[in-house]
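Below is coords-v7.cif, which holds mmCIF, C-alpha atoms and all ligand atoms.
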data_upload
loop_
_atom_site.label_atom_id
_atom_site.label_comp_id
_atom_site.auth_asym_id
_atom_site.auth_seq_id
_atom_site.Cartn_x
_atom_site.Cartn_y
_atom_site.Cartn_z
CA MET A 1 3.96 -24.67 -4.77
CA LYS A 2 1.15 -22.92 -2.89
CA LYS A 3 -0.66 -20.04 -4.56
CA VAL A 4 -0.61 -16.51 -3.12
CA ARG A 5 -4.26 -16.05 -2.09
CA LYS A 6 -4.14 -13.66 0.85
CA VAL A 7 -2.96 -10.13 1.42
CA VAL A 8 -2.21 -8.50 4.76
CA ILE A 9 -2.87 -4.77 4.85
CA PRO A 10 -1.77 -3.01 8.04
CA VAL A 11 -4.10 -0.10 8.84
CA ALA A 12 -3.63 0.49 12.56
CA GLY A 13 -1.47 3.65 12.26
CA PHE A 14 -2.68 7.04 13.58
CA GLY A 15 -2.05 9.08 10.44
CA THR A 16 -0.53 11.99 12.37
CA ARG A 17 0.76 13.60 9.16
CA PHE A 18 -2.82 14.35 8.15
CA LEU A 19 -4.21 15.76 11.38
CA PRO A 20 -6.78 17.21 11.89
CA ALA A 21 -8.37 15.22 8.99
CA THR A 22 -7.41 11.96 10.70
CA LYS A 23 -8.64 12.85 14.18
CA ALA A 24 -11.79 10.73 13.78
CA THR A 25 -11.35 9.35 10.23
CA PRO A 26 -8.80 6.69 9.28
CA LYS A 27 -6.12 8.07 6.93
CA GLU A 28 -6.82 5.08 4.66
CA MET A 29 -10.32 6.45 4.07
CA MET A 30 -9.08 9.75 2.66
CA PRO A 31 -10.28 9.95 -0.95
CA ILE A 32 -8.36 10.40 -4.16
CA VAL A 33 -11.11 12.27 -6.01
CA ASP A 34 -14.04 10.13 -4.78
CA LYS A 35 -12.54 6.77 -3.91
CA PRO A 36 -10.80 6.07 -0.58
CA ILE A 37 -7.08 5.22 -0.81
CA ILE A 38 -7.74 1.82 0.80
CA GLN A 39 -10.11 0.85 -2.01
CA TYR A 40 -7.40 1.43 -4.62
CA ILE A 41 -5.12 -0.83 -2.56
CA VAL A 42 -7.73 -3.61 -2.28
CA GLU A 43 -8.50 -3.34 -6.01
CA GLU A 44 -4.78 -3.73 -6.78
CA ALA A 45 -4.71 -6.95 -4.71
CA VAL A 46 -7.92 -8.33 -6.20
CA SER A 47 -6.81 -7.67 -9.77
CA ALA A 48 -3.66 -9.71 -8.98
CA GLY A 49 -5.81 -12.70 -8.01
CA ILE A 50 -5.94 -12.22 -4.22
CA GLU A 51 -9.09 -13.71 -2.66
CA THR A 52 -8.77 -12.83 1.04
CA VAL A 53 -7.93 -9.41 2.44
CA ILE A 54 -6.70 -9.36 6.05
CA PHE A 55 -6.75 -5.92 7.63
CA VAL A 56 -4.59 -5.47 10.69
CA THR A 57 -6.63 -2.81 12.33
CA GLY A 58 -6.84 -0.79 15.53
CA ARG A 59 -9.04 1.61 17.46
CA HIS A 60 -10.93 4.25 15.44
CA LYS A 61 -10.80 2.22 12.23
CA ARG A 62 -14.42 1.10 12.08
CA ALA A 63 -15.03 3.15 8.93
CA ILE A 64 -12.81 0.72 6.99
CA GLU A 65 -14.96 -2.24 8.08
CA ASP A 66 -18.12 -0.38 7.12
CA HIS A 67 -16.68 0.53 3.72
CA PHE A 68 -16.12 -3.12 2.76
CA ASP A 69 -19.42 -4.34 4.21
CA TYR A 70 -22.91 -4.27 2.69
CA ALA A 71 -24.88 -1.10 3.43
CA PRO A 72 -28.55 -2.27 3.21
CA ASP A 73 -30.05 1.04 4.39
CA LEU A 74 -28.05 3.05 1.84
CA GLU A 75 -28.82 0.53 -0.93
CA GLU A 76 -32.54 0.73 -0.13
CA ALA A 77 -32.53 4.53 -0.21
CA LEU A 78 -30.68 4.53 -3.54
CA GLU A 79 -33.05 1.92 -5.00
CA ARG A 80 -36.05 3.98 -3.95
CA SER A 81 -34.70 6.94 -5.88
CA GLY A 82 -33.88 4.81 -8.92
CA LYS A 83 -30.09 5.08 -8.62
CA GLU A 84 -29.35 1.49 -9.65
CA GLU A 85 -25.86 2.33 -10.87
CA LEU A 86 -24.85 3.58 -7.45
CA VAL A 87 -26.34 0.50 -5.78
CA GLU A 88 -24.11 -1.66 -7.96
CA LEU A 89 -21.11 0.59 -7.34
CA ILE A 90 -21.29 0.29 -3.56
CA ARG A 91 -22.30 -3.39 -3.55
CA ASN A 92 -19.34 -4.39 -5.74
CA ILE A 93 -16.95 -3.00 -3.11
CA SER A 94 -18.09 -5.66 -0.63
CA ASP A 95 -18.18 -8.47 -3.18
CA MET A 96 -14.57 -7.98 -4.34
CA ALA A 97 -13.03 -10.35 -1.80
CA GLN A 98 -13.38 -11.97 1.58
CA PHE A 99 -12.51 -9.51 4.34
CA VAL A 100 -11.01 -10.43 7.67
CA TYR A 101 -10.10 -8.07 10.51
CA VAL A 102 -7.59 -8.60 13.26
CA ARG A 103 -6.77 -6.04 15.94
CA GLN A 104 -3.23 -4.97 16.66
CA LYS A 105 -3.68 -4.17 20.33
CA GLN A 106 -0.41 -2.26 20.63
CA GLN A 107 1.45 -0.39 17.95
CA LEU A 108 4.85 -2.04 18.12
CA GLY A 109 5.88 -1.68 14.48
CA LEU A 110 5.19 -3.03 11.00
CA GLY A 111 6.79 -6.39 11.87
CA HIS A 112 4.48 -6.71 14.86
CA ALA A 113 1.46 -5.89 12.68
CA ILE A 114 2.38 -8.71 10.28
CA LEU A 115 2.90 -11.12 13.17
CA THR A 116 -0.59 -10.26 14.42
CA ALA A 117 -2.00 -11.83 11.22
CA GLU A 118 -0.08 -15.11 11.58
CA HIS A 119 -2.98 -17.30 12.69
CA ILE A 120 -5.14 -16.08 9.79
CA VAL A 121 -2.45 -16.42 7.11
CA GLY A 122 -1.41 -19.88 8.27
CA ASP A 123 1.23 -21.91 6.46
CA GLU A 124 1.11 -20.34 3.02
CA PRO A 125 2.80 -17.52 1.10
CA PHE A 126 1.03 -14.16 1.33
CA ALA A 127 1.21 -10.63 0.03
CA VAL A 128 1.61 -7.44 2.07
CA ILE A 129 0.59 -4.02 0.80
CA LEU A 130 1.18 -0.80 2.73
CA GLY A 131 -1.35 1.90 2.04
CA ASP A 132 0.94 4.92 1.71
CA GLU A 133 1.94 4.34 -1.89
CA LEU A 134 -0.35 3.88 -4.84
CA VAL A 135 1.17 2.34 -7.94
CA ILE A 136 -0.80 2.53 -11.14
CA ASN A 137 -0.16 -0.14 -13.73
CA ASP A 138 -3.22 -1.22 -15.71
CA LYS A 139 -1.45 -4.14 -17.38
CA ASN A 140 0.04 -5.78 -14.31
CA PRO A 141 -0.68 -4.41 -10.82
CA ALA A 142 2.36 -3.84 -8.60
CA ILE A 143 1.61 -6.75 -6.27
CA GLY A 144 0.93 -8.97 -9.32
CA GLN A 145 4.46 -8.24 -10.54
CA LEU A 146 5.83 -9.60 -7.24
CA ILE A 147 3.50 -12.63 -7.35
CA ASP A 148 4.93 -13.41 -10.82
CA VAL A 149 8.44 -13.45 -9.33
CA TYR A 150 7.24 -15.58 -6.42
CA ASN A 151 5.65 -18.05 -8.85
CA LYS A 152 8.95 -18.37 -10.67
CA PHE A 153 11.35 -18.73 -7.73
CA GLY A 154 9.11 -19.77 -4.79
CA LYS A 155 10.81 -17.34 -2.38
CA SER A 156 10.00 -14.01 -0.68
CA VAL A 157 10.08 -10.91 -2.89
CA VAL A 158 10.19 -7.22 -1.95
CA GLY A 159 9.02 -4.50 -4.33
CA THR A 160 11.57 -1.79 -4.92
CA THR A 161 12.20 1.44 -6.75
CA ASP A 162 15.22 3.69 -7.06
CA VAL A 163 15.07 6.81 -4.85
CA PRO A 164 17.34 9.87 -4.62
CA LYS A 165 20.28 9.26 -2.27
CA GLU A 166 19.08 11.92 0.20
CA GLU A 167 15.81 10.00 0.72
CA THR A 168 17.20 6.63 1.87
CA HIS A 169 16.33 7.48 5.51
CA LYS A 170 12.61 7.18 4.66
CA TYR A 171 12.72 3.58 3.41
CA GLY A 172 13.93 0.06 3.88
CA ILE A 173 16.95 -0.18 1.55
CA VAL A 174 18.09 -3.36 -0.17
CA ASP A 175 21.29 -4.34 -1.87
CA GLY A 176 21.72 -7.32 -4.13
CA LYS A 177 22.98 -8.88 -7.31
CA THR A 178 20.97 -8.58 -10.52
CA VAL A 179 19.80 -11.97 -11.79
CA GLU A 180 17.33 -10.79 -14.41
CA ASP A 181 16.24 -7.43 -15.73
CA GLY A 182 14.77 -5.61 -12.66
CA ILE A 183 15.17 -8.65 -10.37
CA LYS A 184 17.91 -8.99 -7.75
CA LEU A 185 19.00 -11.66 -5.36
CA VAL A 186 19.07 -9.71 -2.10
CA ASN A 187 22.11 -9.93 0.14
CA TYR A 188 21.48 -7.07 2.54
CA LEU A 189 18.50 -5.11 3.88
CA VAL A 190 18.54 -2.18 6.28
CA GLU A 191 15.70 -0.05 7.66
CA LYS A 192 15.91 3.70 7.00
CA PRO A 193 19.68 4.21 6.77
CA SER A 194 21.21 7.68 6.46
CA PRO A 195 22.48 8.44 2.93
CA ALA A 196 26.03 7.81 4.18
CA GLU A 197 25.13 4.36 5.55
CA ALA A 198 22.86 3.28 2.68
CA PRO A 199 24.29 0.37 0.69
CA SER A 200 22.25 1.38 -2.38
CA THR A 201 19.34 3.59 -3.43
CA SER A 202 16.97 0.69 -4.03
CA ALA A 203 14.02 1.36 -1.68
CA ILE A 204 11.20 -0.93 -0.55
CA ILE A 205 7.91 0.67 -1.57
CA GLY A 206 5.32 -1.11 0.50
CA ARG A 207 4.82 -4.27 -1.57
CA TYR A 208 5.95 -7.72 -0.40
CA VAL A 209 5.26 -11.39 -1.08
CA LEU A 210 6.44 -13.40 1.90
CA THR A 211 6.86 -17.07 2.64
CA PRO A 212 5.32 -18.15 5.98
CA LYS A 213 8.86 -18.57 7.36
CA ILE A 214 8.79 -14.81 7.95
CA PHE A 215 6.68 -15.38 11.09
CA ASP A 216 9.38 -17.41 12.77
CA ALA A 217 11.99 -14.87 11.64
CA LEU A 218 9.89 -12.05 13.14
CA LYS A 219 9.80 -13.84 16.49
CA ARG A 220 13.59 -14.10 16.52
CA THR A 221 14.28 -10.52 15.43
CA PRO A 222 15.16 -7.92 18.10
CA LEU A 223 13.47 -4.51 18.14
CA GLY A 224 15.07 -2.09 15.68
CA LYS A 225 14.62 1.53 14.50
CA GLY A 226 12.27 3.50 16.76
CA ASN A 227 12.27 0.59 19.23
CA GLU A 228 9.81 -1.20 16.94
CA LEU A 229 9.78 -4.66 15.41
CA GLN A 230 10.79 -3.92 11.83
CA LEU A 231 9.77 -6.12 8.89
CA THR A 232 12.99 -5.13 7.11
CA ASP A 233 15.06 -6.50 10.02
CA ALA A 234 13.06 -9.75 10.03
CA LEU A 235 13.72 -10.10 6.30
CA MET A 236 17.43 -9.80 7.09
CA THR A 237 16.98 -12.59 9.66
CA LEU A 238 15.16 -14.69 7.04
CA ARG A 239 17.81 -13.88 4.44
CA LYS A 240 20.33 -15.91 6.45
CA GLU A 241 18.18 -19.03 5.98
CA GLU A 242 16.43 -18.59 2.66
CA VAL A 243 17.10 -16.49 -0.44
CA ILE A 244 15.05 -13.33 -0.99
CA TYR A 245 14.46 -11.47 -4.25
CA SER A 246 13.74 -7.86 -5.02
CA LYS A 247 11.75 -6.69 -8.01
CA ASP A 248 11.76 -3.17 -9.41
CA ILE A 249 8.10 -2.25 -9.66
CA GLU A 250 6.88 -0.89 -12.97
CA GLY A 251 4.14 1.73 -12.90
CA VAL A 252 3.35 5.28 -11.93
CA ARG A 253 4.00 5.74 -8.22
CA HIS A 254 2.19 8.15 -5.90
CA ASP A 255 3.35 8.69 -2.35
CA THR A 256 0.01 9.51 -0.73
CA GLY A 257 1.48 9.31 2.80
CA ASN A 258 2.53 12.97 2.74
CA LYS A 259 0.57 16.12 1.94
CA ILE A 260 2.26 17.12 -1.29
CA GLY A 261 2.23 13.56 -2.67
CA TYR A 262 -1.44 13.28 -1.75
CA ILE A 263 -2.37 16.52 -3.53
CA LYS A 264 -0.32 15.50 -6.56
CA ALA A 265 -2.10 12.13 -6.68
CA ILE A 266 -5.50 13.83 -6.69
CA ILE A 267 -4.44 16.13 -9.54
CA ASP A 268 -2.99 13.23 -11.57
CA PHE A 269 -6.06 11.04 -11.08
CA ALA A 270 -8.42 13.90 -11.87
CA LEU A 271 -6.44 14.52 -15.07
CA THR A 272 -6.97 10.96 -16.28
CA ARG A 273 -10.61 10.45 -15.30
CA GLU A 274 -13.18 10.97 -18.00
CA ASP A 275 -15.60 12.87 -15.75
CA THR A 276 -13.00 15.33 -14.44
CA SER A 277 -10.11 15.56 -16.92
CA GLU A 278 -11.34 18.41 -19.14
CA PHE A 279 -12.27 20.59 -16.20
CA MET A 280 -9.01 19.79 -14.43
CA LYS A 281 -6.88 20.71 -17.47
CA GLN A 282 -8.64 24.04 -17.76
CA LEU A 283 -8.29 24.70 -14.06
CA ILE A 284 -4.53 24.05 -14.13
CA LEU A 285 -4.04 26.26 -17.19
CA GLU A 286 -6.01 29.09 -15.58
CA LYS A 287 -4.09 28.77 -12.31
CA ALA A 288 -0.75 28.72 -14.17
CA LYS A 289 -1.76 31.87 -16.04
CA GLU A 290 -2.76 33.61 -12.80
CA LEU A 291 0.50 32.65 -11.11
CA ASN A 292 2.55 33.82 -14.10
CA GLU A 293 0.76 37.17 -14.11
CA GLN A 294 1.44 37.56 -10.38
CA LYS A 295 5.12 36.77 -11.01
CA VAL A 296 5.33 39.46 -13.71
CA GLN A 297 3.64 42.02 -11.41
CA ASN A 298 6.05 41.27 -8.55
C1 LIG A 301 7.64 1.13 6.01
C2 LIG A 301 8.78 0.13 6.01
C3 LIG A 301 9.91 0.59 5.09
C4 LIG A 301 9.34 0.83 3.70
C5 LIG A 301 8.18 1.84 3.77
C6 LIG A 301 7.52 1.99 2.41
O1 LIG A 301 8.06 2.32 6.63
O2 LIG A 301 9.26 -0.04 7.34
O3 LIG A 301 10.92 -0.39 5.04
O4 LIG A 301 10.36 1.31 2.86
O5 LIG A 301 7.19 1.42 4.69
O6 LIG A 301 6.47 2.90 2.44
P1 LIG A 301 7.01 3.48 7.07
O7 LIG A 301 6.84 4.35 5.86
O8 LIG A 301 5.76 2.81 7.50
O9 LIG A 301 7.70 4.20 8.19
#
What does the file become when written as structure tokens?
Amino acid sequence: MKKVRKVVIPVAGFGTRFLPATKATPKEMMPIVDKPIIQYIVEEAVSAGIETVIFVTGRHKRAIEDHFDYAPDLEEALERSGKEELVELIRNISDMAQFVYVRQKQQLGLGHAILTAEHIVGDEPFAVILGDELVINDKNPAIGQLIDVYNKFGKSVVGTTDVPKEETHKYGIVDGKTVEDGIKLVNYLVEKPSPAEAPSTSAIIGRYVLTPKIFDALKRTPLGKGNELQLTDALMTLRKEEVIYSKDIEGVRHDTGNKIGYIKAIIDFALTREDTSEFMKQLILEKAKELNEQKVQN
């Protein structure tokens, strides 16, 4: 069985939910404390053994390429001022993996973005990570958990988590039969169903390991929700020919694709980092006190 060595990360989206911040800056470059979201995603992939990162990119995304490239002028300036630690910090970012960029010329959906990477992925299984959700698990990264399932069964795996019923319209929803603790054999997938139509509350959270057969399935799948080529629909096409598994992802999940989730992620990360945690705790306690006093006065 072939090893999962490559990850496809679609980054062509406009990031309209974060305008004006994303007018000239890719949403993937927005920092959680001082590290861009996209770097957390790449680190997750690399710590699961991925060697090649394929970005499906678009216009106005040059900053991502620069972030994962060497920066000789910056390194030189840092060296001159004796900041060796920072030189290492920025150099390591480029040395983590091999980076490949492919342009999605038109935004025709997530399925279309994946299809754009076909000639680079080739005939081997590959991972997909979507940048809107960060999952923190120091023992086994989210995508590593799916790779483990792939290594056991040799079939496509989608990463899932249980969501409240009223939120099914935000996700691809899967239904299946439990075969092992947290692992299901999928029998049905549907993109963003209303709560009434949803077959379950098991939602896909932006982590996939796919067999290369998905490319052929994508080509045979009609446009779906929003008149876009949906990966969820293509998985349903594939499901008719090959079994698919789902795996409940273990870890702390942050939905950084919306404002509140993004702010919460920054607070949570700042609370766990050595250089910021003490200050952050104090800040929260002070703010809580202030708000309580205001409440009493009102
Ligand atoms: C995409 C997928 C959806 C999945 C979601 C996870 O939707 O189409 O199936 O549940 O990512 O974040 P998007 O959020 O890009 O609209």
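Between atom CA of A:Ile263 and atom CA of A:Asn292 the interatomic distance comes to 20.9 Å.
For ligand LIG 301 (chain A), the neighbouring polymer residues at 7 Å or closer are A:Leu110, A:Leu130, A:Asp132, A:Glu133, A:Lys170, A:Tyr171, A:Gly172, A:Ile173, A:Glu191, A:Lys192, A:Ala203, A:Ile204, A:Ile205, A:Gly206, A:Gln230, A:Leu231, A:Thr232, all atoms listed in the file being used.
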Point-to-point distance in Å for atom CA of A:Asn92 and atom CA of A:Glu79: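 Spanning atom CA of A:Glu79 to atom CA of A:Asn92 is a straight-line distance of 15.1 Å.
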Using all atoms listed in the file, give me every residue within 12 Å of (-9.0, 16.1, -9.8) in file coordinates, as a list of chain:residue names. A:Pro31, A:Ile32, A:Val33, A:Asp34, A:Lys35, A:Tyr262, A:Ile263, A:Lys264, A:Ala265, A:Ile266, A:Ile267, A:Asp268, A:Phe269, A:Ala270, A:Leu271, A:Thr272, A:Arg273, A:Glu274, A:Asp275, A:Thr276, A:Ser277, A:Glu278, A:Phe279, A:Met280, A:Lys281, A:Gln282, A:Leu283, A:Ile284
Using only C-alpha atoms, which residues sit within 10 Å of A:Glu124 once same-chain residues fewer than 4 positions away are excluded, as number ranges by chain? A: 1-6, 210-213
What is the atom CA of A:Lys139-atom CA of A:Gly251 distance in Å, reported with one decimal? 9.3 Å
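Residues lying within 6 Å of stretch 9-18 of chain A, counting all atoms listed in the file and ignoring same-chain neighbours fewer than 6 positions away, are Lys27, Phe55, Val56, Thr57, Gly58, Val128 and Ile129 of chain A.
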A:Pro141 proximity check over A:Lys295, A:Arg239, A:Arg207, A:Arg62, using only C-alpha atoms: winner is A:Arg207
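For the residues A:Asp66, A:Met30, A:Val87, A:His119, ranking by smallest atom-to-atom distance to A:Ile54 using all atoms listed in the file places A:His119 first.
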Identify which of the residues A:Lys259, A:Lys247, A:Lys23, A:Lys287 lies closest to A:Gln145, counting all atoms listed in the file when measuring atom-to-atom distances.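 When distances to A:Gln145 are compared using all atoms listed in the file, the smallest one comes from A:Lys247.
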Name all residues at most 12 Å from A:Asp138 (count all atoms listed in the file; drop same-chain ones fewer than 5 positions away) and give them as a ChimeraX atom specification. /A:43-44,47-48,143-145,250-252
Using all atoms listed in the file: which of A:Glu51, A:Glu118, A:Asp95, A:Asp162 has the shortest distance to A:Lys219: A:Glu118
Can you pull out the residues contacting A:Leu146? Cut-off 10 Å, using all atoms listed in the file, and skip same-chain residues under 5 positions away; I want them as a count of residues only. 21
Taking 2 positions as the minimum chain separation for residues in the same chain, which residues sit within 12 Å of A:Thr237 when counting all atoms listed in the file? Answer as a ChimeraX atom specification. /A:187-190,213-222,230-235,239-244
Looking at A:Val46, A:Ala24, A:Ile37, A:Leu19, which one is nearest to A:Ala63, with distances taken over all atoms listed in the file?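 Residue with the minimum atom-to-atom distance to A:Ala63: A:Ala24.
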